[in-house]
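To keep things clear, I will list the structure first and then write my remarks on it.
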Amino acid sequence: SLRENEEAAETLGVPVVLGSATPSFESLHNAQAGRYLHVRLPQRAGDAKPPTVRVLDVRKRPLDAGLSADLLAKLRATVEAGGQALVFRNRRGYAPVLLCHDCGWSAQCTRCETPMTVHAGGRRLQCHHCGARRPAPQACPDCGGLALQPQGVGTERLEERLLELFPDVPVLRVDRGSTRRRDALETMLGDIGERAGILVGTQMLAKGHDLPNLTLVAVVGIDEGLFSADFRASEKLAQLLIQVAGRAGRARKAGEVWLQTHHPSHPLLQTLIAGGYPAFAEAELAEREVA
């Protein structure tokens, strides 16, 4: 743990370097209090420029597997120009919940009473909390109806639809389900290389990967994180958005980040766009201090 490392470093008389583009609020507070020396790196490495950010308002607009027509057109333009795009959705599986359209029943885990995620194109239910699995029912257990419908969009559903829409370019899904085999992620990224293509990924792709031909990052499904009851939700979402945005335009090619949302005027998004993570963190820290 960080505390154990700090104690060991103090005993040995060596410094500990904490590096992050999105440090936790605890670390920032320690820096403000003088317990940490705060060293800022305001520029990207090499000649890379920060990506431009566009907030895409999808209110009252039809969505195809969670993707707007504008975003699909941008994906097509990107791959036709020889670039790569990352469609980021931090929810693996086919859909977040299986719902009965007739009576409102939804699939819950019998062990931990959390919603079960739909996998395998709608054929399997899996609990992401305890790991329990079972086949998806053919009929509603409550009313016997046949109107069972997967609700929402996960990475599997995005991959399925993008494969249908873009049959001529590689579409690779990168999440825990597709990278269970050792070295699977490195193999997948090595296979696509710098060819035109689309990556569909969760937070596994948000940091630590250098993809020089990745010019577009499209973030979908962020609205649920804007109104979470968890007081850390906004911090986690801001960190994730900054990290995944950092995948775009890391080499000489300019990068773009498209944020698809039903809440384009939300303060979190506006603060991040105007001032980046430092401005957001400063505002949140001040609010927590008052609270």
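In the structure tokens, chains take letters A, B, ... by order of appearance, with residues numbered from 1 within each chain and ligands from 1 in the order shown.
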
Write out as CSV the residues of stretch 187-229 of chain A that have any atom within 12 Å of an atom of stretch 56-63 of chain A, one row each with the nearest atom pair and its distance in Å to one decimal, counting only C-alpha atoms, sorted by chain and then rising number.
```
residue,atom,partner,partner_atom,distance
A:Ala218,CA,A:Leu56,CA,9.9
A:Val219,CA,A:Leu56,CA,9.9
A:Val220,CA,A:Leu56,CA,9.9
A:Gly221,CA,A:Val58,CA,11.3
A:Ile222,CA,A:Leu56,CA,11.7
A:Asp223,CA,A:Val58,CA,11.2
```

Output for the residues just chosen: N, CA, C and O atoms as a PDB file, in the first residue's frame:
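Below you can see again.pdb, which holds the result:
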```pdb
ATOM      1  N   ALA A 218     -14.111   8.397 -28.606  1.00  0.00           N
ATOM      2  CA  ALA A 218     -15.545   8.664 -28.454  1.00  0.00           C
ATOM      3  C   ALA A 218     -16.005   8.039 -27.146  1.00  0.00           C
ATOM      4  O   ALA A 218     -15.882   6.828 -26.955  1.00  0.00           O
ATOM      5  N   VAL A 219     -16.505   8.865 -26.240  1.00  0.00           N
ATOM      6  CA  VAL A 219     -16.929   8.388 -24.923  1.00  0.00           C
ATOM      7  C   VAL A 219     -18.445   8.364 -24.881  1.00  0.00           C
ATOM      8  O   VAL A 219     -19.104   9.389 -25.079  1.00  0.00           O
ATOM      9  N   VAL A 220     -19.008   7.187 -24.625  1.00  0.00           N
ATOM     10  CA  VAL A 220     -20.468   7.041 -24.545  1.00  0.00           C
ATOM     11  C   VAL A 220     -20.828   6.480 -23.176  1.00  0.00           C
ATOM     12  O   VAL A 220     -20.012   5.861 -22.499  1.00  0.00           O
ATOM     13  N   GLY A 221     -22.067   6.718 -22.757  1.00  0.00           N
ATOM     14  CA  GLY A 221     -22.546   6.161 -21.498  1.00  0.00           C
ATOM     15  C   GLY A 221     -21.997   6.832 -20.260  1.00  0.00           C
ATOM     16  O   GLY A 221     -21.839   6.192 -19.219  1.00  0.00           O
ATOM     17  N   ILE A 222     -21.705   8.138 -20.332  1.00  0.00           N
ATOM     18  CA  ILE A 222     -21.156   8.812 -19.155  1.00  0.00           C
ATOM     19  C   ILE A 222     -22.239   9.383 -18.248  1.00  0.00           C
ATOM     20  O   ILE A 222     -21.959   9.739 -17.099  1.00  0.00           O
ATOM     21  N   ASP A 223     -23.484   9.454 -18.732  1.00  0.00           N
ATOM     22  CA  ASP A 223     -24.522  10.148 -17.972  1.00  0.00           C
ATOM     23  C   ASP A 223     -24.793   9.511 -16.616  1.00  0.00           C
ATOM     24  O   ASP A 223     -25.073  10.209 -15.633  1.00  0.00           O
TER      25      ASP A 223
END
```

Using DSSP on the backbone coordinates, identify the residues of stretch 100-262 of chain A assigned to strand (DSSP E); present them as a CSV table (one decimal) with C-alpha atoms, in the first residue's frame.
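Listed below is the output, part-v3.csv:
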```
chain,number,residue,atom,x,y,z
A,100,CYS,CA,-39.4,-7.8,-18.9
A,117,THR,CA,-25.3,-8.2,-16.7
A,118,VAL,CA,-26.4,-9.7,-20.0
A,119,HIS,CA,-23.5,-11.5,-21.8
A,124,ARG,CA,-26.1,-15.7,-20.4
A,125,LEU,CA,-26.5,-13.6,-17.2
A,126,GLN,CA,-23.4,-12.8,-15.1
A,133,ARG,CA,-23.5,-17.1,-13.8
A,134,ARG,CA,-26.7,-18.6,-15.2
A,135,PRO,CA,-28.5,-19.0,-18.6
A,148,LEU,CA,-37.6,-10.1,-22.2
A,149,GLN,CA,-35.4,-7.3,-23.5
A,150,PRO,CA,-31.7,-6.4,-22.8
A,151,GLN,CA,-31.7,-2.8,-21.6
A,171,VAL,CA,-13.2,-3.9,-34.8
A,172,LEU,CA,-11.5,-5.1,-31.6
A,173,ARG,CA,-13.2,-5.3,-28.1
A,174,VAL,CA,-10.8,-4.8,-25.2
A,197,GLY,CA,-9.7,0.4,-37.2
A,198,ILE,CA,-12.0,0.8,-34.2
A,199,LEU,CA,-11.3,-0.3,-30.7
A,200,VAL,CA,-14.1,-0.8,-28.2
A,201,GLY,CA,-12.9,-0.7,-24.7
A,214,LEU,CA,-5.4,6.8,-32.6
A,215,THR,CA,-6.9,10.1,-33.5
A,216,LEU,CA,-10.5,9.9,-32.1
A,217,VAL,CA,-11.8,8.9,-28.7
A,218,ALA,CA,-15.5,8.7,-28.5
A,219,VAL,CA,-16.9,8.4,-24.9
A,256,GLU,CA,-10.2,14.7,-31.0
A,257,VAL,CA,-12.4,13.6,-28.1
A,258,TRP,CA,-16.1,13.4,-28.5
A,259,LEU,CA,-18.2,13.2,-25.3
A,260,GLN,CA,-21.8,11.9,-26.0
A,261,THR,CA,-24.2,13.0,-23.3
```

Task: Nearby residues (only C-alpha atoms) at most 12 Å from A:Ala184, same-chain spacing under 5 positions excluded, as an MDAnalysis selection string - done: chainID A and resid 172:179 189:191

- [ ] Considering only C-alpha atoms, return as a list in words whatever protein or nucleic-acid residues lie within 7 Å of A:Arg247, sequence-local ones (same chain, fewer than 2 positions apart) excluded.
- [x] Asp210, Leu211, Val244, Ala245, Gly249 and Arg250 of chain A

- [ ] Could you check how far atom CA of A:Gln203 sits from atom CA of A:Asn90, in Å to one decimal?
- [x]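 Distance reported for this atom pair: 5.9 Å.
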
Using only C-alpha atoms, find each residue of stretch 194-247 of chain A with at least one atom at most 8 Å away from an atom of stretch 19-41 of chain A; report its shortest atom-to-atom pair and that distance in Å (one decimal), sort the rows by chain and rising residue number, and return the result as CSV.
```
residue,atom,partner,partner_atom,distance
A:Glu235,CA,A:Phe25,CA,7.9
A:Gln239,CA,A:Thr22,CA,5.5
A:Ile242,CA,A:Thr22,CA,7.3
A:Gln243,CA,A:Thr22,CA,7.5
```

Open item on the list: For A:Glu284, find every residue with an atom within 12 Å (counting only C-alpha atoms), except residues of its own chain fewer than 2 positions away, and show them as an MDAnalysis selection string.
Closed with: chainID A and resid 24:26 28:29 231:236 238 267:268 271:272 277:282 286:291

Restricting it to N, CA, C and O atoms, dump the selection as an mmCIF file, in the first residue's frame.
```cif
data_model
loop_
_atom_site.group_PDB
_atom_site.id
_atom_site.type_symbol
_atom_site.label_atom_id
_atom_site.label_comp_id
_atom_site.auth_asym_id
_atom_site.auth_seq_id
_atom_site.Cartn_x
_atom_site.Cartn_y
_atom_site.Cartn_z
ATOM 1 N N SER A 24 -5.265 11.610 -6.987
ATOM 2 C CA SER A 24 -6.431 11.571 -6.107
ATOM 3 C C SER A 24 -6.531 12.860 -5.314
ATOM 4 O O SER A 24 -5.538 13.573 -5.118
ATOM 5 N N PHE A 25 -7.732 13.153 -4.845
ATOM 6 C CA PHE A 25 -7.918 14.371 -4.059
ATOM 7 C C PHE A 25 -7.137 14.308 -2.748
ATOM 8 O O PHE A 25 -6.694 15.335 -2.239
ATOM 9 N N GLU A 26 -6.943 13.097 -2.226
ATOM 10 C CA GLU A 26 -6.145 12.960 -1.010
ATOM 11 C C GLU A 26 -4.700 13.381 -1.255
ATOM 12 O O GLU A 26 -4.095 14.093 -0.446
ATOM 13 N N LEU A 28 -3.645 15.418 -3.647
ATOM 14 C CA LEU A 28 -3.622 16.860 -3.882
ATOM 15 C C LEU A 28 -3.730 17.630 -2.568
ATOM 16 O O LEU A 28 -3.060 18.655 -2.386
ATOM 17 N N HIS A 29 -4.552 17.140 -1.662
ATOM 18 C CA HIS A 29 -4.677 17.793 -0.359
ATOM 19 C C HIS A 29 -3.354 17.728 0.401
ATOM 20 O O HIS A 29 -2.928 18.712 1.027
ATOM 21 N N PHE A 231 -20.157 9.860 -3.293
ATOM 22 C CA PHE A 231 -19.543 11.186 -3.284
ATOM 23 C C PHE A 231 -18.222 11.208 -4.058
ATOM 24 O O PHE A 231 -17.746 12.277 -4.445
ATOM 25 N N ARG A 232 -17.645 10.043 -4.306
ATOM 26 C CA ARG A 232 -16.419 9.970 -5.091
ATOM 27 C C ARG A 232 -16.682 9.788 -6.584
ATOM 28 O O ARG A 232 -15.743 9.761 -7.380
ATOM 29 N N ALA A 233 -17.957 9.663 -6.969
ATOM 30 C CA ALA A 233 -18.267 9.340 -8.364
ATOM 31 C C ALA A 233 -17.760 10.405 -9.320
ATOM 32 O O ALA A 233 -17.217 10.085 -10.386
ATOM 33 N N SER A 234 -17.929 11.671 -8.984
ATOM 34 C CA SER A 234 -17.487 12.736 -9.884
ATOM 35 C C SER A 234 -15.969 12.732 -10.029
ATOM 36 O O SER A 234 -15.433 12.948 -11.124
ATOM 37 N N GLU A 235 -15.256 12.479 -8.936
ATOM 38 C CA GLU A 235 -13.789 12.388 -8.994
ATOM 39 C C GLU A 235 -13.361 11.245 -9.902
ATOM 40 O O GLU A 235 -12.485 11.408 -10.768
ATOM 41 N N LYS A 236 -13.974 10.069 -9.727
ATOM 42 C CA LYS A 236 -13.619 8.908 -10.540
ATOM 43 C C LYS A 236 -13.946 9.138 -12.012
ATOM 44 O O LYS A 236 -13.171 8.766 -12.896
ATOM 45 N N ALA A 238 -14.205 12.073 -13.609
ATOM 46 C CA ALA A 238 -13.280 13.070 -14.158
ATOM 47 C C ALA A 238 -11.922 12.439 -14.454
ATOM 48 O O ALA A 238 -11.319 12.694 -15.508
ATOM 49 N N PRO A 267 -22.003 20.805 -14.876
ATOM 50 C CA PRO A 267 -20.809 21.521 -14.384
ATOM 51 C C PRO A 267 -19.525 20.712 -14.476
ATOM 52 O O PRO A 267 -18.457 21.273 -14.751
ATOM 53 N N LEU A 268 -19.589 19.408 -14.255
ATOM 54 C CA LEU A 268 -18.377 18.597 -14.326
ATOM 55 C C LEU A 268 -17.764 18.670 -15.720
ATOM 56 O O LEU A 268 -16.558 18.896 -15.867
ATOM 57 N N THR A 271 -16.441 22.300 -16.489
ATOM 58 C CA THR A 271 -15.203 22.634 -15.771
ATOM 59 C C THR A 271 -14.013 21.895 -16.353
ATOM 60 O O THR A 271 -12.931 22.466 -16.522
ATOM 61 N N LEU A 272 -14.193 20.610 -16.687
ATOM 62 C CA LEU A 272 -13.101 19.838 -17.273
ATOM 63 C C LEU A 272 -12.666 20.423 -18.605
ATOM 64 O O LEU A 272 -11.473 20.512 -18.901
ATOM 65 N N TYR A 277 -8.324 18.925 -15.511
ATOM 66 C CA TYR A 277 -8.436 18.267 -14.205
ATOM 67 C C TYR A 277 -8.025 19.180 -13.042
ATOM 68 O O TYR A 277 -8.673 19.147 -11.988
ATOM 69 N N PRO A 278 -6.983 20.020 -13.167
ATOM 70 C CA PRO A 278 -6.623 20.884 -12.030
ATOM 71 C C PRO A 278 -7.772 21.794 -11.596
ATOM 72 O O PRO A 278 -8.015 21.963 -10.395
ATOM 73 N N ALA A 279 -8.482 22.403 -12.558
ATOM 74 C CA ALA A 279 -9.590 23.285 -12.208
ATOM 75 C C ALA A 279 -10.714 22.511 -11.540
ATOM 76 O O ALA A 279 -11.319 22.975 -10.565
ATOM 77 N N PHE A 280 -11.011 21.322 -12.080
ATOM 78 C CA PHE A 280 -12.064 20.498 -11.484
ATOM 79 C C PHE A 280 -11.693 20.093 -10.061
ATOM 80 O O PHE A 280 -12.507 20.182 -9.139
ATOM 81 N N ALA A 281 -10.451 19.643 -9.874
ATOM 82 C CA ALA A 281 -10.022 19.208 -8.550
ATOM 83 C C ALA A 281 -10.055 20.353 -7.548
ATOM 84 O O ALA A 281 -10.462 20.170 -6.388
ATOM 85 N N GLU A 282 -9.637 21.535 -7.976
ATOM 86 C CA GLU A 282 -9.651 22.696 -7.077
ATOM 87 C C GLU A 282 -11.070 23.008 -6.616
ATOM 88 O O GLU A 282 -11.310 23.264 -5.424
ATOM 89 N N ALA A 286 -12.515 22.444 -2.696
ATOM 90 C CA ALA A 286 -13.110 23.561 -1.963
ATOM 91 C C ALA A 286 -14.509 23.203 -1.480
ATOM 92 O O ALA A 286 -14.901 23.538 -0.349
ATOM 93 N N GLU A 287 -15.267 22.511 -2.304
ATOM 94 C CA GLU A 287 -16.623 22.101 -1.921
ATOM 95 C C GLU A 287 -16.592 21.090 -0.785
ATOM 96 O O GLU A 287 -17.401 21.160 0.146
ATOM 97 N N ARG A 288 -15.657 20.148 -0.840
ATOM 98 C CA ARG A 288 -15.566 19.153 0.241
ATOM 99 C C ARG A 288 -15.155 19.800 1.558
ATOM 100 O O ARG A 288 -15.603 19.400 2.624
ATOM 101 N N GLU A 289 -14.291 20.810 1.459
ATOM 102 C CA GLU A 289 -13.847 21.478 2.688
ATOM 103 C C GLU A 289 -15.015 22.194 3.360
ATOM 104 O O GLU A 289 -15.140 22.181 4.582
ATOM 105 N N VAL A 290 -15.889 22.791 2.539
ATOM 106 C CA VAL A 290 -17.064 23.470 3.081
ATOM 107 C C VAL A 290 -18.031 22.458 3.703
ATOM 108 O O VAL A 290 -18.617 22.678 4.769
ATOM 109 N N ALA A 291 -18.198 21.311 3.003
ATOM 110 C CA ALA A 291 -19.114 20.280 3.482
ATOM 111 C C ALA A 291 -18.609 19.627 4.753
ATOM 112 O O ALA A 291 -19.355 19.147 5.562
#
```
